[in-house]
Each structure stands twice: as structure tokens, then as C-alpha cells.
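A short worksheet on the structure shown next.
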Amino acid sequence: MYIFFSIFFLIAFICFLWNHKRKKYIIKKVCSMPQPEKCQLLNELIQPFGYHYLPYQDIFFSTFDAWQREFGYTRSFDCLAPYFNMVFDSEPVYFDYENRTWLVEFWKGQYGINTGAEIGIYCADGIVPPDRRSKELFHTVTDEEVPIFSMSLTRCYKQSLQNIANLTMPHWWLAAFRMGCFSKPSMLSADFCICFPNCEMMCAFTNALIKLGYERNTLQICGSRICFSYSFTAKPAPCGFFTKIACHLAQWKNRIFCCLYRWITRPFSCTADRLLYLYFYLPFIFRRCLRLKRYKRKSPCHSSPHCKKTKGVRKI
């Protein structure tokens, strides 16, 4: 028995020394990489997930050709989100224009270990009655129909405002996320601007916003561009008992996972450094951190050479 425990502790000590040496080597490797090289490598790794890293804001944003574009949107995605550790406020705005029902939706909240916000535009094949809109599958708009989105996300933390993201670009689904940051949806406020293709479409959207409860004097309109602030949902969707429980449980797990993420990557403070450290040291956690999608109908990794690359990195 004494020999058995001696061998066990000897093996454990050797593993501890090997792991400590490996961690020091990885930290040195990440620190020695130039910043452009870090960003290039990170963007190559996260491209299959549909995101791009923006170093000067330390955020991720959705790419125009993201794989999520294939699936469109239906309200059930939001209903199932708490069961996948995503808790957010959402504001769907439906309006009719050119014999089709359109949907512009806004989100802000916690996506796993990420604080973020989104804005997306979708349309149906025809006019959808109001009682069917929550069950309808809306398609992603074409390139010619894409508006210009602007987003400014702020977080109220300890009686101070923190700027999370500022983005402006033509997009069908503009999303921004700060990794390792935990927030309640009520802590977040987002300023959105939309530049529609024409004034008629902007007016149809504006009238839908007013019907939801937004006051006209809070909307900033200039030509075909409209801007407004989103802090609280005008008409929150009914939330059942089990959904509330799922939200509380998801946020409890998100807070713990955020703390674990920051503790494991504590040698670094920048997201690029943290993720590259995980990429070399714990690849399976690296892949887990980048699962920002709202649903799991498709994995972007099965056919991607980048993800096969992450799976292959086990030893340093």
C-alpha cells in the first residue's frame, strides 16, 4: 500500500511539473507573438463560427457571410435561448412593406460568457397576419435589401457607464460581444440606428415602433435614417414559470463560467491573448467559448479545416 501511494504521488508530481512547464511555455509563446499575428491567427480560428475579432474595441462581431444566414429567424429561437445559457431582452418589430411582412429585431443581454447585443432584419414571402407572426419563419434579406446598421452598447456597472461596442456597417445581422463580461440584461442599454433603402420603408418601420409604445419624440429621424435607444422592451413576451427558472439557472451558470474563464486565463487581460492561450492550452474550452449562436441546428465546425486544426492542437 505504501508503494502504491508513493507511485501515485510521484506520478502526480511529475504531471504537475510537466503542466507547469507547459503553461509557462504557452504564456511565453503568446507574449512573444506580434499583435497583427495574434489577430490574424484568431480571426482564422473564429471565422468558421461566423465572427471576426476587432482588436481596438476588444469585441467580436458577426461577419456578413456568417453561416447563420442560411436559417433565417423564428420566435422559437428566442424562447429556447435560456436553455442554452442565453438570457437577453428582445424587441421584435413587425411591419408590412411592398406586399411582404418584415421583421427588425433587437437583442441585448448575456450569451454564455459574453455580454452583447444584436440587430437583424428578415422578411416573409408575403403578408403574415399578426396572430401568425410569432410562428412564422422569416428569411434573411438579400444583399440588395440590406440596410446600414449602427449599434452603440453601454453597460451600467457600479454606478458608472462602460462602453462595450460601437459598430456601423451594412449588414443583415449585426452582433457584437465582449467575452468574459457578465451582465444582466437590465444593466445594458443600446442605441440603434438604421438607414433603410428608402423613406417609405423607414416610415413603415417607424409606425410599427410607435404601435409598440415608443414615443415619436424619442425617435431621431433624418431622411431614411432612424435612431432610438433600447433599454427596456416595450411589450415583453409572456414568460412562463419554467422559462423564469431556466433564466435564473442560466445566469447562475454564466456568472460561474465567466469567473472560471477569467481565472484560467488570468495571465492575460486582452481577449485575443486569453483565447490564444486557451487555443494552445485547452482547445476544447476554446471551442466552447465561441458558441455564440442562438440555436443548434447546425455546427459550423464539422466540415471546416479551421476547427479540425483546433481539435488537433493538444501538445506544446
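Going by the C-alpha cells order, chains are called A, B, ..., each with residues numbered from 1, while ligands are numbered from 1 in the order shown.
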Tyr83 in chain A: which residues within 10 Å, counting only C-alpha atoms, same-chain residues fewer than 3 positions away excluded, as a list in words?
->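 What passes the distance filter is Asp78, Cys79, Leu80, Met86, Val87, Thr243, Ile245, Ala246, Cys247, Leu249, Ala250 and Tyr295 of chain A.
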Okay, now the selection with N, CA and C atoms, as an mmCIF file, in the first residue's frame?
```cif
data_model
loop_
_atom_site.group_PDB
_atom_site.id
_atom_site.type_symbol
_atom_site.label_atom_id
_atom_site.label_comp_id
_atom_site.auth_asym_id
_atom_site.auth_seq_id
_atom_site.Cartn_x
_atom_site.Cartn_y
_atom_site.Cartn_z
ATOM 1 N N ASP A 78 -35.737 32.451 -29.761
ATOM 2 C CA ASP A 78 -35.620 33.234 -28.526
ATOM 3 C C ASP A 78 -36.213 32.483 -27.341
ATOM 4 N N CYS A 79 -37.298 31.756 -27.578
ATOM 5 C CA CYS A 79 -37.937 31.016 -26.482
ATOM 6 C C CYS A 79 -37.027 29.926 -25.932
ATOM 7 N N LEU A 80 -36.217 29.335 -26.805
ATOM 8 C CA LEU A 80 -35.333 28.246 -26.375
ATOM 9 C C LEU A 80 -33.988 28.747 -25.849
ATOM 10 N N MET A 86 -28.419 31.477 -22.671
ATOM 11 C CA MET A 86 -28.513 32.811 -23.263
ATOM 12 C C MET A 86 -29.735 33.515 -22.699
ATOM 13 N N VAL A 87 -29.504 34.623 -22.013
ATOM 14 C CA VAL A 87 -30.578 35.372 -21.362
ATOM 15 C C VAL A 87 -30.501 36.812 -21.863
ATOM 16 N N THR A 243 -39.629 28.934 -17.815
ATOM 17 C CA THR A 243 -38.693 29.818 -18.513
ATOM 18 C C THR A 243 -37.971 30.718 -17.526
ATOM 19 N N ILE A 245 -37.339 30.009 -14.394
ATOM 20 C CA ILE A 245 -36.368 29.153 -13.704
ATOM 21 C C ILE A 245 -35.148 28.923 -14.585
ATOM 22 N N ALA A 246 -35.386 28.674 -15.876
ATOM 23 C CA ALA A 246 -34.279 28.447 -16.806
ATOM 24 C C ALA A 246 -33.386 29.674 -16.922
ATOM 25 N N CYS A 247 -33.994 30.869 -16.911
ATOM 26 C CA CYS A 247 -33.216 32.111 -16.991
ATOM 27 C C CYS A 247 -32.334 32.293 -15.760
ATOM 28 N N LEU A 249 -31.277 29.954 -13.704
ATOM 29 C CA LEU A 249 -30.243 28.917 -13.702
ATOM 30 C C LEU A 249 -29.158 29.242 -14.723
ATOM 31 N N ALA A 250 -29.568 29.722 -15.899
ATOM 32 C CA ALA A 250 -28.595 30.063 -16.935
ATOM 33 C C ALA A 250 -27.673 31.187 -16.472
ATOM 34 N N TYR A 295 -29.103 29.025 -31.526
ATOM 35 C CA TYR A 295 -29.735 27.727 -31.715
ATOM 36 C C TYR A 295 -28.687 26.757 -32.230
#
```
What lies within 8 Å of range 230-234 of chain A using only C-alpha atoms, ignoring chain neighbours under 4 positions off, as a list in words?
-> Asp89, Ser90, Glu91, Ser186, Leu188, Ser189, Ala190, Asp191, Phe192, Leu212, Gly213 and Tyr214 of chain A
Expected file contents, prior selection, C-alpha atoms, as a PDB file, in the first residue's frame:
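Resulting contents of out-v4.pdb:
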```
ATOM      1  CA  ASP A  89     -34.125  41.207 -23.771  1.00  0.00           C
ATOM      2  CA  SER A  90     -35.586  41.172 -27.265  1.00  0.00           C
ATOM      3  CA  GLU A  91     -37.755  43.591 -29.213  1.00  0.00           C
ATOM      4  CA  SER A 186     -31.314  45.324 -17.365  1.00  0.00           C
ATOM      5  CA  LEU A 188     -27.399  47.163 -20.716  1.00  0.00           C
ATOM      6  CA  SER A 189     -28.574  49.986 -22.949  1.00  0.00           C
ATOM      7  CA  ALA A 190     -28.174  50.119 -26.712  1.00  0.00           C
ATOM      8  CA  ASP A 191     -28.505  52.944 -29.212  1.00  0.00           C
ATOM      9  CA  PHE A 192     -29.524  51.646 -32.627  1.00  0.00           C
ATOM     10  CA  LEU A 212     -45.272  49.060 -29.799  1.00  0.00           C
ATOM     11  CA  GLY A 213     -45.251  52.013 -27.417  1.00  0.00           C
ATOM     12  CA  TYR A 214     -42.257  54.124 -28.439  1.00  0.00           C
TER      13      TYR A 214
END
```
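Across the structure, CA of Ala272 in chain A and CA of Gln35 in chain A are spaced 8.9 Å apart.
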Which residues, written as a PyMOL selection string, have at least one atom at most 12 Å from Cys156 in chain A, with only C-alpha atoms counted and residues fewer than 2 positions away on the same chain left out?
-> chain A and resi 153-154+158-164+182-190+231
DSSP on the backbone, then: every residue of range 6-115 of chain A marked strand (DSSP E or B), written as a PyMOL selection string.
-> chain A and resi 51-54+59-62+73+86-97+100-111+114-115
Could you save those same residues with C-alpha atoms as a PDB file, in the first residue's frame?
```pdb
ATOM      1  CA  TYR A  51     -17.336  36.073 -36.216  1.00  0.00           C
ATOM      2  CA  HIS A  52     -14.446  38.487 -36.549  1.00  0.00           C
ATOM      3  CA  TYR A  53     -12.283  39.997 -33.820  1.00  0.00           C
ATOM      4  CA  LEU A  54     -11.999  43.776 -33.545  1.00  0.00           C
ATOM      5  CA  ILE A  59     -15.017  42.576 -29.166  1.00  0.00           C
ATOM      6  CA  PHE A  60     -16.301  40.034 -31.652  1.00  0.00           C
ATOM      7  CA  PHE A  61     -18.783  40.967 -34.358  1.00  0.00           C
ATOM      8  CA  SER A  62     -20.741  38.879 -36.849  1.00  0.00           C
ATOM      9  CA  TYR A  73     -35.351  33.558 -37.869  1.00  0.00           C
ATOM     10  CA  MET A  86     -28.513  32.811 -23.263  1.00  0.00           C
ATOM     11  CA  VAL A  87     -30.578  35.372 -21.362  1.00  0.00           C
ATOM     12  CA  PHE A  88     -31.474  38.576 -23.170  1.00  0.00           C
ATOM     13  CA  ASP A  89     -34.125  41.207 -23.771  1.00  0.00           C
ATOM     14  CA  SER A  90     -35.586  41.172 -27.265  1.00  0.00           C
ATOM     15  CA  GLU A  91     -37.755  43.591 -29.213  1.00  0.00           C
ATOM     16  CA  PRO A  92     -39.270  42.215 -32.441  1.00  0.00           C
ATOM     17  CA  VAL A  93     -40.709  44.910 -34.716  1.00  0.00           C
ATOM     18  CA  TYR A  94     -43.028  43.610 -37.459  1.00  0.00           C
ATOM     19  CA  PHE A  95     -44.229  45.804 -40.316  1.00  0.00           C
ATOM     20  CA  ASP A  96     -45.720  45.384 -43.784  1.00  0.00           C
ATOM     21  CA  TYR A  97     -43.970  46.833 -46.824  1.00  0.00           C
ATOM     22  CA  ARG A 100     -44.379  41.389 -47.507  1.00  0.00           C
ATOM     23  CA  THR A 101     -44.125  41.310 -43.733  1.00  0.00           C
ATOM     24  CA  TRP A 102     -40.745  42.402 -42.456  1.00  0.00           C
ATOM     25  CA  LEU A 103     -39.103  41.884 -39.100  1.00  0.00           C
ATOM     26  CA  VAL A 104     -36.424  44.000 -37.484  1.00  0.00           C
ATOM     27  CA  GLU A 105     -35.423  42.654 -34.087  1.00  0.00           C
ATOM     28  CA  PHE A 106     -33.111  43.901 -31.357  1.00  0.00           C
ATOM     29  CA  TRP A 107     -31.408  41.903 -28.607  1.00  0.00           C
ATOM     30  CA  LYS A 108     -29.193  42.725 -25.629  1.00  0.00           C
ATOM     31  CA  GLY A 109     -28.073  40.520 -22.778  1.00  0.00           C
ATOM     32  CA  GLN A 110     -25.832  37.656 -21.732  1.00  0.00           C
ATOM     33  CA  TYR A 111     -24.771  34.967 -24.213  1.00  0.00           C
ATOM     34  CA  ASN A 114     -20.354  37.005 -23.417  1.00  0.00           C
ATOM     35  CA  THR A 115     -22.161  40.303 -22.963  1.00  0.00           C
TER      36      THR A 115
END
```
Every residue of range 112-253 of chain A that DSSP places in helix (DSSP H, G or I), as JSON, numbers by chain | {"A": [130, 131, 132, 133, 134, 135, 143, 144, 145, 185, 186, 187, 199, 200, 201, 202, 203, 204, 205, 206, 207, 208, 209, 210, 211, 212, 216, 217, 218, 241, 242, 243, 244, 245, 246, 247, 248, 249, 250, 251, 252, 253]}
Using only C-alpha atoms: which of A:Ile27, A:Cys193, A:Cys199, A:Leu282 has the shortest distance to Ile148 in chain A =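 When distances to Ile148 in chain A are compared using only C-alpha atoms, the smallest one comes from A:Cys193.
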Who sits within 12 Å of Cys227 in chain A, only C-alpha atoms, same chain under 6 positions skipped, as a PDB file with C-alpha atoms, in the first residue's frame:
```
ATOM      1  CA  ILE A 148     -26.869  50.147 -42.812  1.00  0.00           C
ATOM      2  CA  PHE A 149     -26.920  49.311 -39.099  1.00  0.00           C
ATOM      3  CA  SER A 150     -25.300  51.260 -36.279  1.00  0.00           C
ATOM      4  CA  MET A 151     -25.014  49.997 -32.727  1.00  0.00           C
ATOM      5  CA  SER A 152     -23.653  51.507 -29.527  1.00  0.00           C
ATOM      6  CA  ALA A 190     -28.174  50.119 -26.712  1.00  0.00           C
ATOM      7  CA  ASP A 191     -28.505  52.944 -29.212  1.00  0.00           C
ATOM      8  CA  PHE A 192     -29.524  51.646 -32.627  1.00  0.00           C
ATOM      9  CA  CYS A 193     -29.615  53.448 -35.969  1.00  0.00           C
ATOM     10  CA  ILE A 194     -30.980  52.040 -39.225  1.00  0.00           C
ATOM     11  CA  CYS A 195     -30.533  53.600 -42.646  1.00  0.00           C
ATOM     12  CA  PHE A 196     -33.230  51.983 -44.812  1.00  0.00           C
ATOM     13  CA  MET A 202     -38.414  53.761 -42.856  1.00  0.00           C
ATOM     14  CA  PHE A 205     -40.875  50.691 -39.547  1.00  0.00           C
ATOM     15  CA  THR A 206     -41.416  53.922 -37.580  1.00  0.00           C
ATOM     16  CA  LEU A 209     -42.295  51.200 -33.401  1.00  0.00           C
ATOM     17  CA  TYR A 214     -42.257  54.124 -28.439  1.00  0.00           C
ATOM     18  CA  ARG A 216     -42.314  59.756 -31.614  1.00  0.00           C
ATOM     19  CA  ASN A 217     -40.327  62.455 -29.818  1.00  0.00           C
ATOM     20  CA  THR A 218     -37.817  59.796 -28.687  1.00  0.00           C
ATOM     21  CA  LEU A 219     -37.093  58.808 -32.291  1.00  0.00           C
ATOM     22  CA  GLN A 220     -34.476  60.669 -34.295  1.00  0.00           C
ATOM     23  CA  ILE A 221     -35.409  60.673 -37.977  1.00  0.00           C
TER      24      ILE A 221
END
```
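Pairwise distance (CA of Arg255 in chain A, CA of Phe77 in chain A) equals 22.4 Å.
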Between A:Trp18, A:Tyr277, A:Tyr56, A:Trp172, which one has atoms that come closest to Pro36 in chain A, using only C-alpha atoms?
-> A:Tyr56
Atomic separation - CA of Ile11 in chain A relative to CA of Lys29 in chain A, Å =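 So the answer is 26.7 Å.
Compared by their closest atoms to Tyr157 in chain A, and using only C-alpha atoms, the residues A:Cys181, A:Leu276, A:Cys31, A:Leu260 rank with A:Cys181 nearest.
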